[in-house]
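Student: So I've got this file, entry-v5.cif, and it contains mmCIF, C-alpha atoms:
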data_start
#
loop_
_atom_site.label_atom_id
_atom_site.label_comp_id
_atom_site.auth_asym_id
_atom_site.auth_seq_id
_atom_site.Cartn_x
_atom_site.Cartn_y
_atom_site.Cartn_z
CA MET A 1 0.00 0.00 0.00
CA ARG A 2 2.74 2.40 0.96
CA THR A 3 4.67 1.61 -2.21
CA ARG A 4 1.59 2.12 -4.34
CA LEU A 5 0.92 5.41 -2.60
CA THR A 6 4.47 6.55 -3.28
CA VAL A 7 4.18 5.57 -6.93
CA ALA A 8 0.83 7.34 -7.22
CA VAL A 9 2.12 10.52 -5.63
CA ALA A 10 5.26 10.46 -7.78
CA GLY A 11 3.08 9.99 -10.84
CA LEU A 12 0.91 12.89 -9.76
CA ALA A 13 3.94 15.11 -9.40
CA GLY A 14 5.07 14.08 -12.85
CA LEU A 15 1.70 15.00 -14.29
CA LEU A 16 1.65 18.34 -12.59
CA ILE A 17 5.14 19.29 -13.74
CA THR A 18 3.78 20.08 -17.16
CA ALA A 19 0.37 21.31 -16.06
CA VAL A 20 0.96 24.12 -13.62
CA PRO A 21 1.47 27.66 -14.89
CA VAL A 22 4.41 29.64 -13.66
CA VAL A 23 4.23 32.81 -11.64
CA ALA A 24 6.44 35.68 -12.67
CA HIS A 25 7.09 38.51 -10.34
CA HIS A 26 9.49 40.47 -12.50
CA SER A 27 10.61 40.92 -16.05
CA PHE A 28 12.86 37.95 -16.81
CA ALA A 29 14.96 39.90 -19.30
CA ALA A 30 15.78 42.60 -16.76
CA GLU A 31 17.67 40.20 -14.52
CA TYR A 32 18.65 37.17 -16.56
CA ASP A 33 20.47 36.63 -19.84
CA ALA A 34 18.69 34.05 -21.98
CA SER A 35 21.94 33.51 -23.91
CA LYS A 36 23.69 32.27 -20.75
CA PRO A 37 22.25 28.82 -19.96
CA ILE A 38 23.53 27.11 -16.84
CA ASN A 39 23.63 23.43 -15.93
CA LEU A 40 24.99 23.04 -12.41
CA THR A 41 25.42 20.06 -10.14
CA GLY A 42 26.09 20.70 -6.50
CA THR A 43 25.08 20.27 -2.88
CA VAL A 44 22.19 22.18 -1.36
CA THR A 45 23.41 24.51 1.41
CA LYS A 46 20.34 26.63 2.13
CA ILE A 47 16.65 26.81 1.18
CA GLU A 48 14.44 29.89 1.38
CA TRP A 49 10.80 28.81 0.96
CA THR A 50 9.57 32.37 0.58
CA ASN A 51 7.59 34.84 -1.50
CA PRO A 52 7.85 36.22 -4.07
CA HIS A 53 10.40 33.56 -5.02
CA CYS A 54 11.92 30.51 -3.41
CA TYR A 55 15.71 30.34 -3.43
CA PHE A 56 17.92 27.30 -3.31
CA TYR A 57 21.63 27.76 -2.67
CA ILE A 58 24.06 25.11 -3.87
CA ASP A 59 27.81 24.66 -3.59
CA VAL A 60 29.28 23.96 -7.01
CA LYS A 61 32.91 23.06 -7.68
CA ASN A 62 34.45 25.17 -10.42
CA GLU A 63 36.32 22.60 -12.51
CA GLU A 64 38.78 25.20 -13.79
CA SER A 65 39.78 26.89 -10.55
CA GLY A 66 38.96 24.06 -8.19
CA LYS A 67 37.14 26.51 -5.94
CA ILE A 68 33.68 26.01 -4.47
CA GLU A 69 31.14 28.58 -5.67
CA ASN A 70 27.87 29.10 -3.81
CA TRP A 71 25.10 29.71 -6.33
CA ALA A 72 21.72 31.30 -5.54
CA LEU A 73 18.97 29.81 -7.68
CA GLU A 74 15.65 31.56 -8.03
CA LEU A 75 12.53 29.42 -8.43
CA GLY A 76 8.81 30.19 -8.56
CA ASN A 77 6.81 31.18 -5.49
CA PRO A 78 5.73 28.69 -2.82
CA ASN A 79 2.15 28.48 -4.11
CA ALA A 80 3.29 27.60 -7.63
CA LEU A 81 5.72 24.99 -6.33
CA LEU A 82 3.15 23.44 -3.97
CA ARG A 83 0.66 23.24 -6.82
CA ALA A 84 3.35 21.62 -8.96
CA GLY A 85 3.76 18.84 -6.43
CA TRP A 86 6.63 20.20 -4.32
CA THR A 87 6.73 20.44 -0.58
CA PRO A 88 9.30 22.35 1.46
CA ASN A 89 10.87 18.93 2.15
CA SER A 90 11.15 17.80 -1.46
CA VAL A 91 14.80 18.78 -1.43
CA LYS A 92 16.89 18.76 1.74
CA ILE A 93 20.06 20.52 2.74
CA GLY A 94 23.03 18.31 1.86
CA GLU A 95 21.28 16.68 -1.10
CA SER A 96 22.95 16.64 -4.47
CA VAL A 97 20.97 18.24 -7.29
CA THR A 98 21.39 19.25 -10.91
CA VAL A 99 19.82 22.53 -11.95
CA GLU A 100 19.10 23.79 -15.45
CA GLY A 101 18.40 27.45 -15.92
CA THR A 102 19.73 30.82 -16.91
CA ARG A 103 22.48 32.96 -15.41
CA ALA A 104 22.01 36.51 -14.13
CA LYS A 105 23.01 39.32 -16.45
CA ASP A 106 25.39 40.76 -13.87
CA GLY A 107 27.54 37.63 -14.00
CA THR A 108 27.23 36.84 -10.29
CA PHE A 109 26.52 33.34 -9.00
CA LEU A 110 22.80 33.82 -9.45
CA GLY A 111 20.56 31.81 -11.72
CA ASN A 112 16.92 31.40 -12.63
CA ALA A 113 16.10 27.70 -12.38
CA ARG A 114 13.87 25.95 -14.91
CA SER A 115 14.15 22.49 -13.43
CA MET A 116 15.88 20.66 -10.64
CA VAL A 117 16.79 16.96 -10.65
CA LEU A 118 17.46 15.10 -7.41
CA MET A 119 20.57 13.06 -8.07
CA SER A 120 19.63 10.36 -5.54
CA THR A 121 16.36 9.44 -7.28
CA GLY A 122 16.54 11.07 -10.69
CA ARG A 123 13.27 12.83 -9.92
CA ARG A 124 12.88 16.03 -11.94
CA LEU A 125 11.08 18.93 -10.30
CA PHE A 126 9.57 21.81 -12.17
CA ALA A 127 11.10 25.04 -10.92
CA GLY A 128 8.50 27.66 -11.75
CA SER A 129 10.88 29.68 -13.90
CA SER A 130 9.70 33.10 -14.97
CA GLN A 131 11.50 32.73 -18.28
CA THR A 132 8.53 31.31 -20.11
CA THR A 133 5.92 33.74 -18.83
CA ASN A 134 4.34 36.31 -21.09
CA PRO A 135 4.73 39.78 -19.54
CA MET B 1 -23.78 4.65 21.87
CA VAL B 2 -21.50 1.63 21.81
CA THR B 3 -20.11 0.58 18.49
CA ASN B 4 -19.95 -3.19 18.28
CA SER B 5 -17.13 -5.13 16.66
CA VAL B 6 -19.10 -5.84 13.47
CA GLU B 7 -19.76 -2.15 12.96
CA ARG B 8 -16.13 -1.33 13.70
CA CYS B 9 -15.10 -3.92 11.14
CA ARG B 10 -17.48 -2.44 8.57
CA MET B 11 -16.17 1.02 9.31
CA GLY B 12 -12.62 -0.26 8.87
CA ALA B 13 -13.53 -1.78 5.53
CA TRP B 14 -15.18 1.46 4.44
CA ALA B 15 -12.14 3.42 5.55
CA ARG B 16 -9.80 1.14 3.58
CA ALA B 17 -12.08 1.37 0.55
CA ALA B 18 -12.10 5.15 0.88
CA VAL B 19 -8.32 5.27 0.99
CA VAL B 20 -8.00 2.99 -2.04
CA PHE B 21 -10.57 5.12 -3.89
CA GLY B 22 -8.71 8.25 -2.93
CA VAL B 23 -5.33 7.00 -4.04
CA PHE B 24 -6.29 5.30 -7.28
CA VAL B 25 -9.30 7.29 -8.45
CA LEU B 26 -8.86 10.79 -7.11
CA THR B 27 -5.08 11.06 -7.29
CA PRO B 28 -4.95 11.27 -11.09
CA SER B 29 -7.29 14.26 -10.86
CA ALA B 30 -4.78 16.12 -8.73
CA HIS B 31 -5.97 15.40 -5.20
CA VAL B 32 -3.42 15.13 -2.45
CA PHE B 33 -5.08 14.95 0.91
CA GLY B 34 -3.59 16.73 3.85
CA GLN B 35 -2.54 19.86 1.98
CA TRP B 36 -4.99 22.70 1.86
CA VAL B 37 -3.29 24.00 -1.22
CA MET B 38 -4.35 20.78 -2.98
CA TYR B 39 -7.64 20.16 -1.14
CA PRO B 40 -10.48 18.83 -3.35
CA THR B 41 -13.08 21.38 -4.43
CA PRO B 42 -16.65 20.16 -3.79
CA ASN B 43 -19.58 20.38 -6.21
CA VAL B 44 -17.45 20.31 -9.33
CA PRO B 45 -18.77 18.60 -12.49
CA ARG B 46 -16.32 15.88 -13.40
CA LEU B 47 -15.83 13.58 -16.34
CA ALA B 48 -15.71 9.80 -15.94
CA ASP B 49 -11.96 9.96 -15.34
CA GLY B 50 -12.40 12.42 -12.48
CA GLN B 51 -11.10 15.41 -14.40
CA LEU B 52 -12.99 18.69 -14.42
CA ASP B 53 -15.70 18.98 -17.05
CA PRO B 54 -15.16 22.65 -17.96
CA LYS B 55 -17.93 22.64 -20.58
CA ALA B 56 -20.61 21.71 -18.02
CA PRO B 57 -23.32 24.36 -17.54
CA ALA B 58 -22.42 27.35 -15.40
CA PRO B 59 -24.09 27.31 -11.98
CA ARG B 60 -26.69 29.89 -10.99
CA GLN B 61 -27.38 31.75 -7.78
CA PRO B 62 -30.65 31.17 -5.90
CA ASP B 63 -32.13 34.24 -7.63
CA GLY B 64 -31.33 32.76 -11.06
CA LYS B 65 -28.41 35.03 -11.89
CA PRO B 66 -25.16 33.37 -13.01
CA ASP B 67 -22.90 32.36 -10.17
CA PHE B 68 -19.27 33.52 -10.53
CA ILE B 69 -18.09 31.91 -7.30
CA GLY B 70 -14.77 30.21 -7.91
CA PHE B 71 -11.03 30.47 -8.00
CA TRP B 72 -9.83 31.95 -11.29
CA GLN B 73 -6.68 32.49 -13.31
CA PRO B 74 -6.19 34.18 -16.70
CA ASP B 75 -6.41 31.71 -19.57
CA ARG B 76 -4.57 32.37 -22.81
CA MET B 77 -6.12 29.36 -24.53
CA ARG B 78 -9.25 30.32 -26.48
CA ASP B 79 -11.61 28.34 -28.68
CA CYS B 80 -11.24 29.66 -32.19
CA THR B 81 -14.49 31.14 -33.49
CA PRO B 82 -15.15 33.01 -36.75
CA ASP B 83 -15.37 36.32 -34.86
CA LEU B 84 -12.46 35.79 -32.45
CA ALA B 85 -10.03 37.86 -34.56
CA SER B 86 -12.37 40.85 -34.28
CA ARG B 87 -12.08 40.75 -30.48
CA VAL B 88 -8.58 39.38 -29.87
CA ARG B 89 -5.36 39.95 -31.81
CA LEU B 90 -4.27 36.57 -33.11
CA THR B 91 -0.59 35.93 -33.70
CA GLN B 92 -1.44 33.06 -36.01
CA PRO B 93 -4.51 32.14 -38.06
CA CYS B 94 -6.83 29.66 -36.38
CA LYS B 95 -9.45 27.22 -37.59
CA PRO B 96 -12.88 27.51 -35.97
CA GLY B 97 -13.24 24.87 -33.29
CA ASP B 98 -9.52 24.57 -32.62
CA PRO B 99 -7.89 25.89 -29.45
CA VAL B 100 -5.55 28.83 -29.99
CA THR B 101 -3.10 30.61 -27.70
CA VAL B 102 -3.71 34.35 -27.62
CA PRO B 103 -1.67 37.27 -26.26
CA ASN B 104 -2.25 38.38 -22.70
CA GLY B 105 -3.88 41.64 -21.54
CA PRO B 106 -3.37 44.84 -23.57
CA ALA B 107 -1.18 42.94 -26.06
CA SER B 108 -4.35 41.15 -27.17
CA VAL B 109 -6.13 44.28 -28.41
CA PRO B 110 -6.68 44.05 -32.19
CA GLY B 111 -4.77 46.83 -33.95
CA GLY B 112 -2.81 47.72 -30.80
CA LEU B 113 -3.49 50.33 -28.14
CA PRO B 114 -4.54 53.84 -29.31
CA LEU B 115 -1.90 55.60 -27.21
CA GLN B 116 -1.60 59.36 -26.97
CA PRO B 117 1.90 60.44 -28.09
CA TRP B 118 3.17 61.07 -24.55
CA ALA B 119 1.83 57.69 -23.39
CA ALA B 120 3.44 55.94 -26.37
CA GLU B 121 6.78 57.52 -25.49
CA LEU B 122 6.40 56.53 -21.83
CA ALA B 123 5.63 52.92 -22.73
CA ARG B 124 8.52 52.87 -25.22
CA GLN B 125 10.92 54.07 -22.54
CA ARG B 126 9.62 51.64 -19.92
CA THR B 127 10.02 48.75 -22.36
CA ALA B 128 13.51 49.92 -23.36
CA ASP B 129 14.42 49.88 -19.67
CA LEU B 130 13.30 46.22 -19.52
CA SER B 131 10.49 47.27 -17.17
CA LYS B 132 12.89 47.69 -14.26
CA ASP B 133 10.67 50.46 -12.83
CA ASP B 134 7.63 48.18 -12.79
CA PRO B 135 5.87 48.66 -9.40
CA HIS B 136 5.08 44.93 -9.39
CA ASN B 137 8.85 44.24 -9.14
CA ARG B 138 8.95 46.22 -5.92
CA CYS B 139 6.03 44.35 -4.38
CA GLN B 140 3.70 47.33 -4.72
CA PRO B 141 -0.03 46.54 -4.75
CA ASP B 142 -1.31 45.54 -8.17
CA ASN B 143 -3.85 47.82 -9.79
CA TYR B 144 -6.95 46.82 -11.68
CA PRO B 145 -7.38 45.84 -14.42
CA ARG B 146 -3.78 44.59 -14.51
CA VAL B 147 -4.59 42.09 -11.76
CA TYR B 148 -6.65 40.15 -14.31
CA TRP B 149 -3.71 39.25 -16.55
CA LEU B 150 -1.11 38.64 -13.88
CA PRO B 151 -0.90 34.94 -13.05
CA HIS B 152 -1.91 35.25 -9.39
CA TYR B 153 -5.22 33.59 -8.51
CA THR B 154 -8.42 35.52 -7.84
CA LYS B 155 -11.27 34.20 -5.73
CA ILE B 156 -14.77 35.60 -6.38
CA PHE B 157 -17.70 35.64 -3.97
CA HIS B 158 -21.24 36.95 -4.16
CA VAL B 159 -22.16 38.49 -0.83
CA PRO B 160 -25.22 40.62 -0.03
CA GLY B 161 -24.84 43.97 -1.75
CA GLU B 162 -21.43 43.20 -3.22
CA LEU B 163 -19.39 41.06 -5.51
CA LEU B 164 -16.07 40.49 -3.79
CA MET B 165 -12.73 39.69 -5.45
CA LEU B 166 -9.81 38.42 -3.37
CA ASN B 167 -6.37 38.05 -4.90
CA GLU B 168 -3.55 35.97 -3.48
CA TRP B 169 -0.96 38.63 -4.29
CA ASN B 170 -0.49 40.71 -1.15
CA ALA B 171 -3.93 39.49 0.00
CA GLN B 172 -5.60 42.21 -2.04
CA PHE B 173 -9.38 42.75 -2.08
CA ARG B 174 -11.75 44.51 -4.46
CA GLN B 175 -15.37 45.37 -3.65
CA ILE B 176 -17.96 45.85 -6.41
CA TYR B 177 -21.12 47.29 -4.86
CA THR B 178 -24.45 46.02 -6.15
CA ASP B 179 -26.68 47.72 -3.55
CA GLY B 180 -27.61 50.66 -5.77
CA ARG B 181 -25.28 53.23 -4.25
CA PRO B 182 -23.84 56.01 -6.46
CA PHE B 183 -20.12 56.76 -6.78
CA PRO B 184 -18.77 58.61 -3.75
CA GLU B 185 -18.39 62.38 -4.04
CA LEU B 186 -14.76 62.12 -2.97
CA MET B 187 -12.82 59.43 -4.80
CA HIS B 188 -9.32 59.52 -3.42
CA PRO B 189 -7.36 57.53 -6.03
CA ILE B 190 -6.87 53.87 -5.11
CA TYR B 191 -5.35 50.83 -6.81
CA SER B 192 -8.65 49.03 -7.40
CA GLY B 193 -10.72 52.13 -8.12
CA TYR B 194 -14.34 52.48 -6.98
CA SER B 195 -16.69 49.95 -8.54
CA ILE B 196 -20.44 49.66 -9.01
CA GLY B 197 -22.00 46.56 -10.55
CA LYS B 198 -25.36 45.58 -12.00
CA TRP B 199 -26.86 42.71 -13.96
CA GLU B 200 -27.93 43.12 -17.59
CA GLY B 201 -29.54 39.74 -18.24
CA ASP B 202 -26.82 37.16 -17.64
CA THR B 203 -24.04 39.75 -17.97
CA PHE B 204 -22.57 41.44 -14.90
CA VAL B 205 -21.57 44.99 -15.78
CA ILE B 206 -19.05 46.82 -13.59
CA THR B 207 -18.21 50.50 -13.88
CA THR B 208 -15.03 51.67 -12.14
CA LYS B 209 -13.53 55.11 -11.59
CA GLY B 210 -11.04 56.68 -9.22
CA PHE B 211 -7.84 54.99 -10.37
CA ARG B 212 -4.39 56.09 -9.27
CA GLU B 213 -2.44 58.21 -11.72
CA SER B 214 0.00 56.61 -14.14
CA GLU B 215 -0.21 53.01 -12.95
CA TRP B 216 1.04 50.27 -15.25
CA LEU B 217 -1.48 48.37 -17.36
CA ASP B 218 1.04 45.65 -18.12
CA THR B 219 4.72 44.74 -17.90
CA ALA B 220 5.31 46.63 -21.15
CA GLY B 221 4.51 49.81 -19.22
CA ASN B 222 1.36 51.01 -21.00
CA PRO B 223 -0.22 53.49 -18.58
CA ILE B 224 -3.64 54.02 -17.06
CA THR B 225 -4.45 57.40 -15.52
CA GLY B 226 -6.80 58.92 -12.98
CA GLU B 227 -9.10 60.01 -15.81
CA ALA B 228 -9.93 56.43 -16.76
CA THR B 229 -13.36 54.87 -16.61
CA MET B 230 -13.37 51.08 -16.89
CA THR B 231 -16.42 49.08 -17.93
CA GLU B 232 -16.30 45.33 -17.49
CA ARG B 233 -18.88 42.98 -18.97
CA ILE B 234 -18.51 39.56 -17.37
CA THR B 235 -20.26 36.33 -18.32
CA ARG B 236 -19.77 32.70 -17.38
CA PRO B 237 -20.40 30.76 -20.60
CA ASN B 238 -19.74 27.42 -18.91
CA PHE B 239 -18.55 25.99 -15.60
CA GLY B 240 -14.88 26.39 -16.38
CA THR B 241 -14.83 29.84 -17.96
CA LEU B 242 -15.37 33.49 -17.18
CA ASN B 243 -15.33 35.84 -20.16
CA LEU B 244 -14.46 39.47 -19.52
CA ALA B 245 -14.80 42.32 -22.01
CA ILE B 246 -12.89 45.14 -20.33
CA THR B 247 -13.33 48.55 -21.95
CA ILE B 248 -10.96 51.32 -20.87
CA ASP B 249 -11.92 54.89 -21.66
CA ASP B 250 -8.93 56.99 -20.62
CA PRO B 251 -8.80 60.13 -22.80
CA LYS B 252 -5.69 61.39 -21.07
CA ALA B 253 -3.57 58.43 -22.20
CA TYR B 254 -5.53 57.04 -25.17
CA THR B 255 -7.13 58.63 -28.25
CA LYS B 256 -10.22 56.39 -28.02
CA PRO B 257 -11.63 53.63 -25.82
CA PHE B 258 -10.40 50.09 -26.38
CA THR B 259 -11.56 46.68 -25.19
CA ILE B 260 -9.57 43.75 -23.84
CA ASP B 261 -11.50 40.51 -24.37
CA MET B 262 -10.15 37.73 -22.18
CA ASN B 263 -11.06 34.48 -20.49
CA MET B 264 -10.33 33.23 -17.03
CA LYS B 265 -10.31 29.52 -16.23
CA ILE B 266 -11.50 27.96 -13.01
CA MET B 267 -8.85 26.42 -10.80
CA ILE B 268 -10.14 23.44 -8.83
CA ASP B 269 -8.72 21.22 -6.11
CA THR B 270 -6.63 23.97 -4.64
CA GLN B 271 -7.12 26.65 -2.03
CA MET B 272 -6.25 30.29 -1.62
CA ILE B 273 -2.92 30.79 0.16
CA GLU B 274 -1.43 34.13 1.14
CA GLU B 275 1.36 35.41 -1.06
CA PHE B 276 2.95 38.44 0.58
CA CYS B 277 5.56 39.69 -1.82
CA LEU B 278 7.62 41.64 0.70
CA GLU B 279 8.49 38.49 2.65
CA ASN B 280 11.78 38.04 0.81
CA GLU B 281 11.88 40.49 -2.08
CA ARG B 282 15.33 40.66 -3.69
CA ASP B 283 14.75 41.60 -7.27
CA SER B 284 14.50 45.35 -6.81
CA SER B 285 17.90 45.55 -5.09
CA ARG B 286 19.39 43.73 -8.05
CA LEU B 287 17.59 45.99 -10.50
CA PHE B 288 18.27 49.26 -8.72
CA GLY B 289 21.15 48.63 -6.36
CA PRO B 290 24.71 49.64 -7.25
CA GLY B 291 26.31 46.69 -8.99
CA GLY B 292 23.35 44.43 -8.33
CA GLY B 293 24.11 42.32 -5.28
CA ASN B 294 22.42 38.95 -5.20
CA ARG B 295 24.23 37.52 -2.24
CA PRO B 296 22.33 36.66 0.92
#
Turn the structure described in the file into structure tokens.
Tutor:
Amino acid sequence: MRTRLTVAVAGLAGLLITAVPVVAHHSFAAEYDASKPINLTGTVTKIEWTNPHCYFYIDVKNEESGKIENWALELGNPNALLRAGWTPNSVKIGESVTVEGTRAKDGTFLGNARSMVLMSTGRRLFAGSSQTTNP
Amino acid sequence: MVTNSVERCRMGAWARAAVVFGVFVLTPSAHVFGQWVMYPTPNVPRLADGQLDPKAPAPRQPDGKPDFIGFWQPDRMRDCTPDLASRVRLTQPCKPGDPVTVPNGPASVPGGLPLQPWAAELARQRTADLSKDDPHNRCQPDNYPRVYWLPHYTKIFHVPGELLMLNEWNAQFRQIYTDGRPFPELMHPIYSGYSIGKWEGDTFVITTKGFRESEWLDTAGNPITGEATMTERITRPNFGTLNLAITIDDPKAYTKPFTIDMNMKIMIDTQMIEEFCLENERDSSRLFGPGGGNRP
């Protein structure tokens, strides 16, 4: 029963990933550069489950310099993520994740996340990116 | 009353059956129990697979008027009809009967907005600045009618003497009085304006005045001024849809009135949750602060 429930809930989350509209709080182009895609794998160090955007912070090793860079990744708002099947416990501090998104125009370690994959399970979570929203 | 073992057993069987039904029948229609944000909406017409039947007849109030109660979000998908292009700017031709994605808000006005020269220059500049001055970025209250085409959910109630709109964004409210009162003599400008509503057959007609000066109609920065009068004609053609024809007559910013024709879709199996923007707002410091500054 518990296994079936898990499968059903996972399936539900999968369905909702494509079904829930995103919530944009700001002009995407003002902050992010669509020509700078990012694909980062790192360890979650901090989670802000807050309005108007949730933020996940991950430590990423720079392969060139060998240094650890702490990236701030902007997601949708809590309501959008909850309706997409997330909970505040979907990703935990210390977990390894891969994030696809877009880098900030100012070149800092800030990105707008489109999706997040939990490396332990391969589960892909919709990130509520504002990139696809019509102004 | 003492419940005997047989009854307890029956109740246990019913409970197990209810759980199985919930997991295998309701789950595919987006029910997750235990979360208000995903709590099932009662009295919703559903198809055999449990999904919403949006084409079911719209409900009516006890007095026979259409019932707009529901939780609504702007819907850019429209059913193509022969006259749709006369009401909505289409970015691609559509075949009658097919669904078509249409532009949102003022961008959907056929022929574009009839801007006065100063308003056209203002909108051009705001767009060139990538809308960094947008009040929405800074968590300011949203103004009507812009609220309608932002993605935040609106809940509508009929209450005695009023139609009430609640919006998740900053927990905003809008009151549309239906008790016959006139506009107030003093209309200090407010974000929602002052609204009076009445029924014309199955159409609810709202007249609104008293807007704040130079608010943004959209992210592109088209303005609305304190001289605007807004007339909304709202119908509910079926259970899943509200249609709004929103006419803005703002001679200060526009050379003639124009109408935004849009749909809202009902959002079921979810609940209204507060969404206070100022909780952790960081975008404006990046947009306005020296050198940005995204670090915590």
Student: Residues near range 59-68 of chain B, anyone? I mean within 12 Å using all atoms listed in the file, not counting same-chain ones fewer than 5 positions away, as number ranges by chain.
Tutor: B: 43-45, 54, 154-160, 163-165, 198-204, 234-244, 264-266
Student: Give me, please, the distance in Å between CA of Asn79 in chain A and CA of Val102 in chain B, quoted to one decimal.
Tutor: 24.9 Å
Student: Report as a list in words the full result of the PyMOL selection byres ((chain B) within 6 of (chain A)) when it is applied to this structure.
Tutor: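 Applied to this file, the PyMOL selection byres ((chain B) within 6 of (chain A)) returns Leu130, Asn137, Pro151, Thr219, Cys277, Glu279 and Asn280 of chain B.
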Student: Can you spit out the residues from that selection as a PDB file, in the frame of the given file, using C-alpha atoms?
Tutor:
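Final output, again.pdb:
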ATOM      1  CA  LEU B 130      13.300  46.220 -19.520  1.00  0.00           C
ATOM      2  CA  ASN B 137       8.850  44.240  -9.140  1.00  0.00           C
ATOM      3  CA  PRO B 151      -0.900  34.940 -13.050  1.00  0.00           C
ATOM      4  CA  THR B 219       4.720  44.740 -17.900  1.00  0.00           C
ATOM      5  CA  CYS B 277       5.560  39.690  -1.820  1.00  0.00           C
ATOM      6  CA  GLU B 279       8.490  38.490   2.650  1.00  0.00           C
ATOM      7  CA  ASN B 280      11.780  38.040   0.810  1.00  0.00           C
TER       8      ASN B 280
END
Student: State, in Å with one decimal place, the distance from CA of Leu118 in chain A to CA of Glu74 in chain A.
Tutor: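 That distance, rounded to one decimal, is 16.6 Å.
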Student: Expanded to explicit residues, what is the PyMOL selection byres ((chain B and resi 110) around 8) for this file, as a VMD selection string?
Tutor: chain B and resid 85 to 90 108 to 109 111 to 112
Student: For Pro184 in chain B, work out the shell of residues within 9 Å, counting only C-alpha atoms and skipping chain neighbours fewer than 3 positions away, then give it as JSON, numbers by chain.
Tutor: {"B": [181, 187, 194]}
Student: Restrict the selected residues to C-alpha atoms and save them as a PDB file, in the coordinates of the input.
Tutor:
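The resulting file, again_5.pdb, is reproduced below:
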ATOM      1  CA  ARG B 181     -25.280  53.230  -4.250  1.00  0.00           C
ATOM      2  CA  MET B 187     -12.820  59.430  -4.800  1.00  0.00           C
ATOM      3  CA  TYR B 194     -14.340  52.480  -6.980  1.00  0.00           C
TER       4      TYR B 194
END
Student: Kindly output range 89-101 of chain A as a PDB file, in the coordinates of the input, after building N, CA and C atoms.
Tutor:
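So the final result, stored in result_20.pdb, reads:
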ATOM      1  N   ASN A  89       9.922  20.015   1.866  1.00  0.00           N
ATOM      2  CA  ASN A  89      10.870  18.930   2.150  1.00  0.00           C
ATOM      3  C   ASN A  89      11.248  18.113   0.927  1.00  0.00           C
ATOM      4  N   SER A  90      10.827  18.568  -0.251  1.00  0.00           N
ATOM      5  CA  SER A  90      11.150  17.800  -1.460  1.00  0.00           C
ATOM      6  C   SER A  90      12.651  17.708  -1.669  1.00  0.00           C
ATOM      7  N   VAL A  91      13.344  18.771  -1.337  1.00  0.00           N
ATOM      8  CA  VAL A  91      14.800  18.780  -1.430  1.00  0.00           C
ATOM      9  C   VAL A  91      15.340  19.186  -0.074  1.00  0.00           C
ATOM     10  N   LYS A  92      16.354  18.483   0.402  1.00  0.00           N
ATOM     11  CA  LYS A  92      16.890  18.760   1.740  1.00  0.00           C
ATOM     12  C   LYS A  92      18.312  19.278   1.655  1.00  0.00           C
ATOM     13  N   ILE A  93      18.685  20.021   2.671  1.00  0.00           N
ATOM     14  CA  ILE A  93      20.060  20.520   2.740  1.00  0.00           C
ATOM     15  C   ILE A  93      21.020  19.325   2.760  1.00  0.00           C
ATOM     16  N   GLY A  94      22.062  19.410   1.959  1.00  0.00           N
ATOM     17  CA  GLY A  94      23.030  18.310   1.860  1.00  0.00           C
ATOM     18  C   GLY A  94      22.782  17.411   0.672  1.00  0.00           C
ATOM     19  N   GLU A  95      21.583  17.503   0.067  1.00  0.00           N
ATOM     20  CA  GLU A  95      21.280  16.680  -1.100  1.00  0.00           C
ATOM     21  C   GLU A  95      22.019  17.190  -2.321  1.00  0.00           C
ATOM     22  N   SER A  96      22.297  16.280  -3.218  1.00  0.00           N
ATOM     23  CA  SER A  96      22.950  16.640  -4.470  1.00  0.00           C
ATOM     24  C   SER A  96      21.888  16.824  -5.548  1.00  0.00           C
ATOM     25  N   VAL A  97      21.965  17.937  -6.260  1.00  0.00           N
ATOM     26  CA  VAL A  97      20.970  18.240  -7.290  1.00  0.00           C
ATOM     27  C   VAL A  97      21.669  18.762  -8.544  1.00  0.00           C
ATOM     28  N   THR A  98      20.956  18.620  -9.653  1.00  0.00           N
ATOM     29  CA  THR A  98      21.390  19.250 -10.910  1.00  0.00           C
ATOM     30  C   THR A  98      20.321  20.257 -11.310  1.00  0.00           C
ATOM     31  N   VAL A  99      20.746  21.445 -11.631  1.00  0.00           N
ATOM     32  CA  VAL A  99      19.820  22.530 -11.950  1.00  0.00           C
ATOM     33  C   VAL A  99      20.087  23.019 -13.364  1.00  0.00           C
ATOM     34  N   GLU A 100      19.002  23.157 -14.133  1.00  0.00           N
ATOM     35  CA  GLU A 100      19.100  23.790 -15.450  1.00  0.00           C
ATOM     36  C   GLU A 100      18.402  25.138 -15.365  1.00  0.00           C
ATOM     37  N   GLY A 101      19.013  26.128 -15.976  1.00  0.00           N
ATOM     38  CA  GLY A 101      18.400  27.450 -15.920  1.00  0.00           C
ATOM     39  C   GLY A 101      19.191  28.464 -16.692  1.00  0.00           C
TER      40      GLY A 101
END
